[in-house]
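Everything below belongs to start.pdb, which stores PDB, C-alpha atoms.
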ATOM      1  CA  MET N   1     112.885  56.247  63.773  1.00  0.00           C
ATOM      2  CA  THR N   2     110.766  55.293  66.762  1.00  0.00           C
ATOM      3  CA  ASN N   3     108.472  57.869  68.286  1.00  0.00           C
ATOM      4  CA  ASN N   4     108.148  57.731  72.060  1.00  0.00           C
ATOM      5  CA  ASN N   5     106.009  60.848  72.107  1.00  0.00           C
ATOM      6  CA  ALA N   6     102.421  59.989  73.046  1.00  0.00           C
ATOM      7  CA  THR N   7     101.071  63.270  71.628  1.00  0.00           C
ATOM      8  CA  GLY N   8     102.322  63.017  68.068  1.00  0.00           C
ATOM      9  CA  GLN N   9     103.832  60.948  65.325  1.00  0.00           C
ATOM     10  CA  ASP N  10     107.299  61.330  63.867  1.00  0.00           C
ATOM     11  CA  ARG N  11     107.777  62.925  60.466  1.00  0.00           C
ATOM     12  CA  GLN N  12     108.430  59.659  58.625  1.00  0.00           C
ATOM     13  CA  THR N  13     105.188  58.114  59.903  1.00  0.00           C
ATOM     14  CA  LEU N  14     103.183  61.179  58.905  1.00  0.00           C
ATOM     15  CA  GLU N  15     104.801  61.258  55.443  1.00  0.00           C
ATOM     16  CA  ALA N  16     103.944  57.588  54.902  1.00  0.00           C
ATOM     17  CA  ALA N  17     100.300  58.280  55.781  1.00  0.00           C
ATOM     18  CA  TYR N  18      99.726  61.782  54.318  1.00  0.00           C
ATOM     19  CA  GLY N  19     102.518  62.661  51.896  1.00  0.00           C
ATOM     20  CA  LYS N  20     104.298  65.991  52.316  1.00  0.00           C
ATOM     21  CA  VAL N  21     104.846  67.225  55.879  1.00  0.00           C
ATOM     22  CA  TRP N  22     105.943  70.725  56.920  1.00  0.00           C
ATOM     23  CA  ASP N  23     107.589  71.983  60.097  1.00  0.00           C
ATOM     24  CA  GLU N  24     106.861  75.555  61.213  1.00  0.00           C
ATOM     25  CA  ALA N  25     109.653  77.153  59.160  1.00  0.00           C
ATOM     26  CA  GLU N  26     108.750  75.204  56.019  1.00  0.00           C
ATOM     27  CA  LEU N  27     105.076  76.060  56.446  1.00  0.00           C
ATOM     28  CA  ALA N  28     105.880  79.784  56.726  1.00  0.00           C
ATOM     29  CA  GLN N  29     107.902  79.634  53.490  1.00  0.00           C
ATOM     30  CA  GLU N  30     105.166  77.964  51.440  1.00  0.00           C
ATOM     31  CA  PHE N  31     101.918  79.133  53.074  1.00  0.00           C
ATOM     32  CA  ARG N  32     100.245  81.990  54.884  1.00  0.00           C
ATOM     33  CA  VAL N  33      98.057  80.820  57.780  1.00  0.00           C
ATOM     34  CA  THR N  34      94.716  82.655  57.882  1.00  0.00           C
ATOM     35  CA  ALA N  35      92.908  80.735  60.645  1.00  0.00           C
ATOM     36  CA  ILE N  36      93.534  78.135  63.323  1.00  0.00           C
ATOM     37  CA  ILE N  37      90.612  75.925  64.275  1.00  0.00           C
ATOM     38  CA  SER N  38      91.321  73.171  66.803  1.00  0.00           C
ATOM     39  CA  THR N  39      93.879  70.918  65.057  1.00  0.00           C
ATOM     40  CA  GLN N  40      93.320  72.463  61.601  1.00  0.00           C
ATOM     41  CA  VAL N  41      94.749  75.523  59.898  1.00  0.00           C
ATOM     42  CA  VAL N  42      93.354  77.391  56.917  1.00  0.00           C
ATOM     43  CA  VAL N  43      96.182  78.417  54.625  1.00  0.00           C
ATOM     44  CA  VAL N  44      96.922  80.238  51.376  1.00  0.00           C
ATOM     45  CA  ARG N  45      99.708  78.741  49.291  1.00  0.00           C
ATOM     46  CA  ARG N  46     102.132  81.546  48.409  1.00  0.00           C
ATOM     47  CA  LEU N  47     103.012  80.104  44.988  1.00  0.00           C
ATOM     48  CA  ASP N  48      99.540  80.295  43.463  1.00  0.00           C
ATOM     49  CA  ALA N  49      97.148  81.742  46.105  1.00  0.00           C
ATOM     50  CA  GLN N  50      95.436  78.349  46.463  1.00  0.00           C
ATOM     51  CA  VAL N  51      93.321  78.265  49.639  1.00  0.00           C
ATOM     52  CA  GLY N  52      93.255  75.022  51.594  1.00  0.00           C
ATOM     53  CA  SER N  53      93.363  73.418  54.978  1.00  0.00           C
ATOM     54  CA  MET N  54      95.719  71.083  56.751  1.00  0.00           C
ATOM     55  CA  THR N  55      96.006  69.269  60.022  1.00  0.00           C
ATOM     56  CA  PHE N  56      98.685  69.903  62.614  1.00  0.00           C
ATOM     57  CA  GLN N  57      99.960  68.160  65.698  1.00  0.00           C
ATOM     58  CA  ASN N  58     101.530  69.948  68.642  1.00  0.00           C
ATOM     59  CA  ASP N  59     104.472  67.840  69.734  1.00  0.00           C
ATOM     60  CA  PRO N  60     106.445  67.576  67.591  1.00  0.00           C
ATOM     61  CA  ARG N  61     104.804  70.415  65.645  1.00  0.00           C
ATOM     62  CA  PHE N  62     104.177  69.234  62.096  1.00  0.00           C
ATOM     63  CA  TYR N  63     101.599  70.273  59.502  1.00  0.00           C
ATOM     64  CA  PHE N  64     100.259  67.706  57.038  1.00  0.00           C
ATOM     65  CA  ASN N  65      97.365  66.568  54.838  1.00  0.00           C
ATOM     66  CA  PHE N  66      97.011  69.726  52.717  1.00  0.00           C
ATOM     67  CA  VAL N  67      93.559  69.738  51.095  1.00  0.00           C
ATOM     68  CA  PRO N  68      92.884  72.464  48.504  1.00  0.00           C
ATOM     69  CA  THR N  69      89.414  74.026  48.594  1.00  0.00           C
ATOM     70  CA  GLY N  70      89.204  74.629  44.854  1.00  0.00           C
ATOM     71  CA  ARG N  71      89.328  78.401  45.390  1.00  0.00           C
ATOM     72  CA  ASP N  72      92.155  80.868  45.281  1.00  0.00           C
ATOM     73  CA  ALA N  73      92.597  83.751  47.690  1.00  0.00           C
ATOM     74  CA  GLY N  74      91.524  86.244  45.010  1.00  0.00           C
ATOM     75  CA  GLN N  75      88.018  84.802  44.714  1.00  0.00           C
ATOM     76  CA  PRO N  76      85.178  86.175  46.861  1.00  0.00           C
TER      77      PRO N  76
END
Would you put the structure from the file into structure tokens?
Amino acid sequence: MTNNNATGQDRQTLEAAYGKVWDEAELAQEFRVTAIISTQVVVVRRLDAQVGSMTFQNDPRFYFNFVPTGRDAGQP
């Protein structure tokens, strides 16, 4: 699939570079967003309370490159 959108990459390109990619609905199912900082979000994974960050692009809106912090949401 070719991406003619100058502001973002298509899902397949992002998956090839970063692994798993989420759209907004998928992100809401798996994570709770706790902060938005520029093109990054801080999230808590619902499955195990793992805190992490990921990058997002605006158009098309995809979230990718989840990086765990090594903490869970229950830790101070």
- Query: What does the PyMOL selection byres ((chain N and resi 59) around 7) select in this file, as a PyMOL selection string?
  - Reply: chain N and resi 7-8+57-58+60-61
Please dump the current selection as a compact mmCIF listing (two decimals), keeping the file's coordinate frame; keep C-alpha atoms.
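Everything below was put into part-v2.txt:
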# COMPACT_ATOMS: atom_id res chain seq x y z
CA THR N 7 101.07 63.27 71.63
CA GLY N 8 102.32 63.02 68.07
CA GLN N 57 99.96 68.16 65.70
CA ASN N 58 101.53 69.95 68.64
CA PRO N 60 106.44 67.58 67.59
CA ARG N 61 104.80 70.42 65.64
- Item | Radius query 12 Å about (90.8, 80.8, 56.2), atoms used: all atoms listed in the file, as a list in words |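 All residues meeting the 12 Å criterion around (90.8, 80.8, 56.2) are Phe31, Arg32, Val33, Thr34, Ala35, Ile36, Ile37, Gln40, Val41, Val42, Val43, Val44, Arg45, Ala49, Gln50, Val51, Gly52, Ser53, Met54, Pro68, Thr69, Arg71, Asp72 and Ala73 of chain N.
If you count all atoms listed in the file and ignore residues fewer than 2 places along the chain from Tyr18 in chain N, what sits within 9 Å of it is Thr13, Leu14, Glu15, Ala16, Lys20, Val21, Phe64, Asn65 and Phe66 of chain N.
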Selection above as a file: C-alpha atoms, as a CSV table (one decimal), keeping the file's coordinate frame:
chain,number,residue,atom,x,y,z
N,13,THR,CA,105.2,58.1,59.9
N,14,LEU,CA,103.2,61.2,58.9
N,15,GLU,CA,104.8,61.3,55.4
N,16,ALA,CA,103.9,57.6,54.9
N,20,LYS,CA,104.3,66.0,52.3
N,21,VAL,CA,104.8,67.2,55.9
N,64,PHE,CA,100.3,67.7,57.0
N,65,ASN,CA,97.4,66.6,54.8
N,66,PHE,CA,97.0,69.7,52.7
- Distance of CA of Leu27 in chain N from CA of Thr39 in chain N, expressed in Å to one decimal place: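 Pair CA of Thr39 in chain N / CA of Leu27 in chain N returns 15.0 Å.
Across the model, the gap from CA of Asp48 in chain N to CA of Asp10 in chain N is 28.9 Å.
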Return the padded bounding box of range 28-44 of chain N as lines of an AutoDock Vina configuration file: axis-aligned, built from all atoms listed in the file, 3 Å added on each side, with centre and edge lengths in Å to one decimal.
center_x = 99.3
center_y = 76.8
center_z = 59.1
size_x = 23.3
size_y = 17.7
size_z = 21.4
- Could you state the separation of CA of Leu47 in chain N and CA of Ala25 in chain N in Å, given to one decimal place?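 Result for CA of Leu47 in chain N versus CA of Ala25 in chain N: 15.9 Å, one decimal.
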- Tell me which of N:Thr55, N:Glu24, N:Arg11, N:Gly70 sits closest to Ser38 in chain N, counting all atoms listed in the file.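 So, comparing all the options, the nearest one is N:Thr55.
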